[in-house]
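Trainee: So here's model.txt, just compact mmCIF, C-alpha atoms and all ligand atoms:
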```
# COMPACT_ATOMS: atom_id res chain seq x y z
CA MET F 49 41.78 35.80 0.31
CA PRO F 50 42.26 38.01 -2.79
CA LEU F 51 41.20 35.08 -4.94
CA LEU F 52 38.10 34.56 -2.80
CA SER F 53 37.08 38.21 -2.96
CA SER F 54 37.57 38.18 -6.75
CA LEU F 55 35.37 35.12 -7.00
CA VAL F 56 32.66 36.70 -4.85
CA ASP F 57 32.80 39.86 -6.99
CA ALA F 58 32.55 37.81 -10.18
CA LEU F 59 29.51 35.93 -8.88
CA PHE F 60 27.61 38.69 -7.10
CA GLY F 61 29.10 41.94 -8.43
CA THR F 62 31.48 44.34 -6.72
CA ARG F 63 30.06 46.13 -3.70
CA CYS F 64 31.32 49.28 -2.04
CA VAL F 65 33.05 48.34 1.21
CA LEU F 66 31.59 51.45 2.90
CA CYS F 67 27.94 51.59 1.77
CA ASN F 68 27.53 48.12 0.24
CA ASP F 69 26.05 49.51 -3.00
CA LEU F 70 26.78 47.59 -6.15
CA GLY F 71 29.31 49.10 -8.53
CA ALA F 72 32.79 49.76 -7.17
CA THR F 73 35.03 48.69 -4.30
CA CYS F 74 34.71 52.24 -2.96
CA CYS F 75 31.95 54.13 -4.80
CA ASN F 76 32.44 57.73 -5.92
CA GLN F 77 29.89 59.01 -3.42
CA CYS F 78 31.63 57.40 -0.43
CA TRP F 79 35.03 58.50 -1.67
CA SER F 80 33.92 62.10 -2.13
CA ASP F 81 32.37 62.05 1.35
CA LEU F 82 35.76 61.33 2.93
CA PRO F 83 37.41 64.39 4.55
CA LEU F 84 40.55 64.22 2.43
CA LYS F 85 42.93 67.02 3.33
CA THR F 86 46.67 67.13 2.90
CA ARG F 87 48.52 67.68 6.13
CA ARG F 88 52.18 67.84 7.05
CA VAL F 89 53.21 65.14 9.48
CA VAL F 90 56.22 65.02 11.79
CA ARG F 91 57.29 62.03 13.85
CA TYR F 92 60.16 61.85 16.35
CA GLY F 93 62.50 58.90 16.68
CA PRO F 94 63.99 57.32 19.82
CA ASP F 95 67.08 59.52 19.52
CA GLY F 96 65.09 62.73 19.10
CA SER F 97 65.58 62.87 15.33
CA SER F 98 62.57 63.72 13.22
CA LEU F 99 61.02 62.54 9.97
CA GLN F 100 58.74 64.80 7.98
CA GLY F 101 56.15 63.87 5.45
CA VAL F 102 52.58 64.28 4.35
CA ALA F 103 49.35 62.33 4.66
CA ALA F 104 46.04 62.71 2.85
CA ILE F 105 43.55 62.06 5.65
CA ASP F 106 43.14 61.53 9.40
CA PHE F 107 42.59 57.96 10.46
CA GLU F 108 38.88 57.42 11.22
CA PRO F 109 36.52 54.42 11.07
CA ARG F 110 35.85 54.69 7.31
CA VAL F 111 39.58 54.86 6.64
CA GLY F 112 40.03 51.81 8.87
CA THR F 113 37.42 49.92 6.84
CA LEU F 114 39.11 50.85 3.56
CA VAL F 115 42.60 49.95 4.76
CA HIS F 116 41.37 46.64 6.19
CA ALA F 117 39.61 45.80 2.91
CA PHE F 118 42.77 46.66 1.01
CA LYS F 119 45.24 44.79 3.18
CA GLU F 120 43.25 41.87 4.52
CA LEU F 121 40.36 41.29 2.09
CA GLY F 122 42.21 41.50 -1.19
CA ARG F 123 40.60 44.73 -2.44
CA SER F 124 43.82 45.66 -4.20
CA VAL F 125 42.11 48.20 -6.45
CA LEU F 126 41.95 50.51 -3.42
CA ALA F 127 45.68 51.15 -3.92
CA GLU F 128 44.58 53.35 -6.85
CA ARG F 129 42.25 55.38 -4.62
CA PHE F 130 44.89 55.84 -1.94
CA ALA F 131 47.50 56.77 -4.53
CA ALA F 132 45.22 59.39 -6.09
CA ALA F 133 44.89 61.16 -2.74
CA MET F 134 48.58 60.76 -1.95
CA ALA F 135 49.57 62.19 -5.33
CA VAL F 136 47.77 65.40 -4.42
CA SER F 137 49.58 65.40 -1.06
CA MET F 138 52.89 64.95 -2.87
CA LEU F 139 52.43 68.35 -4.49
CA GLU F 140 52.86 70.04 -1.15
CA PHE F 141 55.52 67.58 -0.06
CA GLY F 142 57.57 68.24 -3.15
CA SER F 143 57.58 71.94 -2.59
CA HIS F 144 59.50 71.36 0.64
CA ILE F 145 62.21 69.30 -0.98
CA GLU F 146 65.37 71.21 -1.73
CA ALA F 147 66.67 68.73 -4.28
CA PRO F 148 67.04 70.28 -7.73
CA GLN F 149 64.88 68.95 -10.53
CA SER F 150 67.85 67.13 -11.98
CA VAL F 151 68.20 64.91 -8.90
CA ARG F 152 66.03 61.84 -8.98
CA CYS F 153 64.03 60.72 -5.97
CA PHE F 154 63.00 57.11 -5.46
CA LEU F 155 59.81 55.90 -3.85
CA VAL F 156 60.61 53.14 -1.36
CA PRO F 157 57.77 51.20 0.29
CA VAL F 158 58.01 50.40 4.00
CA PRO F 159 58.27 46.60 4.17
CA SER F 160 55.57 44.58 5.90
CA ARG F 161 56.23 41.91 8.49
CA ILE F 162 57.45 38.67 6.95
CA SER F 163 54.45 36.72 8.25
CA SER F 164 52.07 39.39 6.92
CA ILE F 165 53.51 39.15 3.41
CA GLN F 166 53.23 35.37 3.55
CA ALA F 167 49.62 35.55 4.74
CA ARG F 168 48.50 38.26 2.33
CA GLY F 169 50.57 37.27 -0.66
CA PHE F 170 51.48 40.87 -1.39
CA SER F 171 53.04 43.98 0.14
CA PRO F 172 50.41 46.73 0.63
CA ALA F 173 52.95 49.57 0.75
CA ALA F 174 54.64 48.32 -2.43
CA SER F 175 51.27 48.24 -4.23
CA VAL F 176 50.53 51.79 -3.10
CA ALA F 177 54.00 52.96 -4.17
CA THR F 178 53.54 51.44 -7.61
CA ALA F 179 50.11 53.05 -8.00
CA LEU F 180 51.52 56.37 -6.78
CA LEU F 181 54.34 56.33 -9.30
CA LYS F 182 51.85 55.48 -12.03
CA ARG F 183 49.92 58.61 -11.08
CA LEU F 184 52.98 60.83 -11.08
CA GLU F 185 55.40 59.48 -13.60
CA PRO F 186 55.09 61.00 -17.11
CA ARG F 187 56.21 57.87 -18.89
CA TRP F 188 53.03 56.15 -17.75
CA GLY F 189 50.90 58.55 -19.75
CA ARG F 190 49.94 62.18 -19.80
CA ARG F 191 51.03 63.88 -16.67
CA THR F 192 48.17 65.56 -14.89
CA ILE F 193 50.05 66.70 -11.81
CA GLU F 194 53.08 68.94 -12.00
CA LEU F 195 55.26 67.59 -9.25
CA PRO F 196 58.14 69.86 -8.22
CA LEU F 197 60.62 67.00 -8.08
CA ARG F 198 61.77 64.28 -10.37
CA LEU F 199 60.65 60.79 -9.47
CA ALA F 200 62.69 57.94 -10.85
CA SER F 201 60.88 54.77 -9.87
CA THR F 202 59.90 52.61 -6.95
CA ARG F 203 62.58 50.44 -5.39
CA ARG F 204 62.18 47.69 -2.85
CA TRP F 205 65.54 48.46 -1.29
CA VAL F 206 64.51 47.54 2.25
CA TRP F 207 63.27 44.28 3.70
CA ARG F 208 62.62 42.68 7.06
CA ALA F 209 65.73 40.87 8.14
CA HIS F 210 64.14 39.67 11.38
CA GLU F 211 60.54 39.06 12.29
CA SER F 212 59.03 41.38 14.89
CA ALA F 213 55.87 41.19 16.96
CA ASP F 214 52.71 42.69 15.43
CA GLN F 215 52.62 46.41 16.21
CA ALA F 216 48.92 46.21 17.03
CA GLY F 217 48.29 46.26 20.74
CA LEU F 218 51.68 47.75 21.65
CA ASP F 219 52.00 51.16 23.25
CA GLN F 220 54.09 53.93 21.71
CA SER F 221 57.45 53.10 23.31
CA ASP F 222 56.98 49.35 22.77
CA ARG F 223 56.24 49.98 19.09
CA LYS F 224 59.54 51.79 18.73
CA GLN F 225 61.52 49.15 20.64
CA ASN F 226 59.81 46.31 18.77
CA LEU F 227 61.20 47.29 15.39
CA ILE F 228 64.74 48.40 16.20
CA CYS F 229 67.26 46.75 13.84
CA THR F 230 64.70 44.44 12.22
CA MET F 231 65.29 45.75 8.69
CA ALA F 232 68.15 45.63 6.21
CA ALA F 233 68.73 47.60 3.02
CA SER F 234 70.45 47.09 -0.31
CA LYS F 235 73.71 48.89 -1.05
CA SER F 236 72.02 49.95 -4.31
CA ALA F 237 70.36 52.66 -2.22
CA ALA F 238 73.71 54.35 -1.48
CA GLN F 239 73.74 58.04 -2.44
CA LYS F 240 70.09 57.87 -3.52
CA ARG F 241 67.41 60.28 -2.41
CA VAL F 242 64.46 58.41 -1.03
CA ILE F 243 60.81 59.12 -0.23
CA LEU F 244 59.26 56.46 2.00
CA VAL F 245 55.75 55.21 1.18
CA ASP F 246 53.26 53.54 3.50
CA ASP F 247 49.49 53.31 3.93
CA ILE F 248 49.30 54.62 7.51
CA VAL F 249 51.62 56.44 9.86
CA THR F 250 50.99 56.03 13.57
CA THR F 251 54.06 56.38 15.84
CA GLY F 252 56.32 56.36 12.79
CA ALA F 253 58.26 53.37 14.20
CA SER F 254 58.15 51.49 10.87
CA LEU F 255 59.22 54.60 8.97
CA PHE F 256 62.12 55.26 11.35
CA GLU F 257 63.38 51.69 11.14
CA THR F 258 63.12 51.80 7.32
CA ALA F 259 64.99 55.11 7.31
CA ARG F 260 67.66 53.75 9.67
CA ALA F 261 68.32 50.75 7.41
CA LEU F 262 68.52 52.96 4.31
CA GLU F 263 70.75 55.56 5.92
CA ALA F 264 73.08 52.78 7.09
CA VAL F 265 73.85 52.04 3.42
CA GLY F 266 74.20 55.71 2.54
CA ALA F 267 70.74 56.73 1.28
CA GLU F 268 69.32 60.17 1.96
CA ILE F 269 65.78 60.26 3.31
CA GLU F 270 63.78 63.19 1.94
CA GLY F 271 60.63 62.34 3.87
CA PHE F 272 57.58 60.16 3.60
CA VAL F 273 54.09 60.04 2.18
CA THR F 274 51.20 58.00 3.59
CA PHE F 275 47.51 57.78 2.86
CA ALA F 276 46.37 58.23 6.47
CA GLU F 277 47.79 59.67 9.65
CA THR F 278 46.76 58.36 13.04
CA ILE F 279 46.86 61.10 15.62
CA LEU F 280 48.92 59.65 18.44
CA ARG F 281 46.28 60.09 21.12
CA LYS F 282 44.11 57.63 19.17
CA ILE F 283 46.86 55.03 18.93
CA GLU F 284 45.11 52.34 20.96
CA LYS F 285 42.31 52.22 18.39
CA THR F 286 44.51 51.73 15.33
CA PRO F 287 45.28 48.42 13.70
CA THR F 288 48.94 48.64 12.63
CA ARG F 289 52.12 50.64 12.24
ZN ZN U 1 29.80 53.58 -1.26
```
Show how you would write the structure in this file as structure tokens.
Ligand SMILES: [Zn+2]
Mentor:
Amino acid sequence: MPLLSSLVDALFGTRCVLCNDLGATCCNQCWSDLPLKTRRVVRYGPDGSSLQGVAAIDFEPRVGTLVHAFKELGRSVLAERFAAAMAVSMLEFGSHIEAPQSVRCFLVPVPSRISSIQARGFSPAASVATALLKRLEPRWGRRTIELPLRLASTRRWVWRAHESADQAGLDQSDRKQNLICTMAASKSAAQKRVILVDDIVTTGASLFETARALEAVGAEIEGFVTFAETILRKIEKTPTR
């Protein structure tokens, strides 16, 4: 699919996925029309524990179109747009982290389902994490955002050890049950401080399972950052996670 969309773009020019104008995958006008606003997000796990993080926007139809184009239609350049918004959100997120500047934090993408990675040929959350680090990490160029924590790099320390059913179409409790113990993590994550990265948070089931796998090998979860947050009452309308 990414190859096909690249071919179509090469032949007919890139069109905005929101307004269909020629020029960019998401034109500046459509992007600036989006109600981007950093918000703190809290999700509660099956055992009553909580995970805190930030998101850059509420899930709404335009966000759904962008995320679908990114994940399913090969519009990989949208990772840069998402990361730009998430980088701003990270400012606030960082201010709530107690880790001293000398302690490095690692961005860890939430792994996709095995069948999704095979079908898409890439991991959306890993692409977003890479783009986010590029935005924030000084070694990639001049730093434009002063982040109150020290990011080391992205690490794919977690993977799906077992396939699970697609989260779409499941209710909140089924989503949580569906993912329990489906992930495994590398021992390299032991003693590391981790910030989880994903495109959307809905129930938080994927984030909790990723956190569980990482904590099982001794990692410390500082929180998470996502592009969009789905308010739980809208869950039946959301595509994934
Ligand atoms: Zn547009």
Trainee: With 6 Å as the threshold, what does the neighbourhood of (60.1, 53.7, 3.8) contain in terms of residues, counting all atoms listed in the file? Coordinates are those of the file; answer as a list in words.
Mentor: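 The distance filter leaves exactly Val156, Pro157, Val158, Leu244, Val245, Leu255 and Thr258 of chain F.
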Trainee: Near Val242 (chain F), counting all atoms listed in the file, which residues have an atom at most 8 Å away, once you skip same-chain residues fewer than 2 positions from it, shown as a ChimeraX atom specification?
Mentor: /F:153-156,240,244,267-271
Trainee: Box in all listed atoms of region 240-256 of chain F, axis-aligned, with 5 Å more on each side; write out centre and edge lengths in Å to one decimal as lines of an AutoDock Vina configuration file.
Mentor:
```
center_x = 59.7
center_y = 55.9
center_z = 6.2
size_x = 30.8
size_y = 18.8
size_z = 29.4
```
Trainee: Which residue gives the smallest distance to Ala127 (chain F) among F:Lys182, F:Arg152, F:Arg110, F:Arg161, with all atoms listed in the file counted?
Mentor: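 Once distances to Ala127 (chain F) are computed over all atoms listed in the file, the minimum belongs to F:Lys182.
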Trainee: CA of Thr251 (chain F) to CA of Arg203 (chain F): how many Å, to one decimal?
Mentor: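 So the answer is 23.6 Å.
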Trainee: For a quick check of understanding, using all atoms listed in the file, which of F:Arg123, F:Arg204, F:Arg241, F:Arg168 has the smallest distance to Thr62 (chain F)?
Mentor: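 Result for the nearest residue to Thr62 (chain F): F:Arg123.
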Trainee: Go through F:Gly266, F:Gly71, F:Pro159, F:Gly96 and flag the residue nearest ligand ZN 1 (chain U), using all atoms listed in the file for the distances.
Mentor: F:Gly71
Trainee: Hey, which of F:Ala237, F:Ala132, F:Ala177, F:Cys78 ends up closest to Val265 (chain F)? Count all atoms listed in the file.
Mentor: F:Ala237
Trainee: Show me which residues line ligand ZN 1 (chain U), defined as having an atom within 9 Å of a ligand atom where all atoms listed in the file count, and present them as a list in words.
Mentor: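 My answer, listing the contacting residues, is Arg63, Cys64, Val65, Leu66, Cys67, Asn68, Asp69, Leu70, Gly71, Ala72, Thr73, Cys74, Cys75, Asn76, Gln77, Cys78 and Trp79 of chain F.
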Trainee: Enter the distance from CA of Thr178 (chain F) to CA of Ala104 (chain F), in Å, rounded to one decimal.
Mentor: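 Atom-to-atom, CA of Thr178 (chain F) and CA of Ala104 (chain F) are spaced 17.1 Å apart.
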Trainee: How many Å lie between CA of Trp205 (chain F) and CA of Ala259 (chain F), rounded to one decimal?
Mentor: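 Rounded to one decimal, the two atoms are 10.9 Å apart.
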Trainee: Using all atoms listed in the file for the distances, tell me which of F:Ala238, F:Val136, F:Leu180, F:Ala232 is nearest to Val206 (chain F).
Mentor: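 Looking only at the distances to Val206 (chain F), the closest residue turns out to be F:Ala232.
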Trainee: Closest to Leu280 (chain F) among F:Glu257, F:Glu128, F:Glu120, F:Asp219, using all atoms listed in the file?
Mentor: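 Using all atoms listed in the file, the shortest distance to Leu280 (chain F) belongs to F:Asp219.
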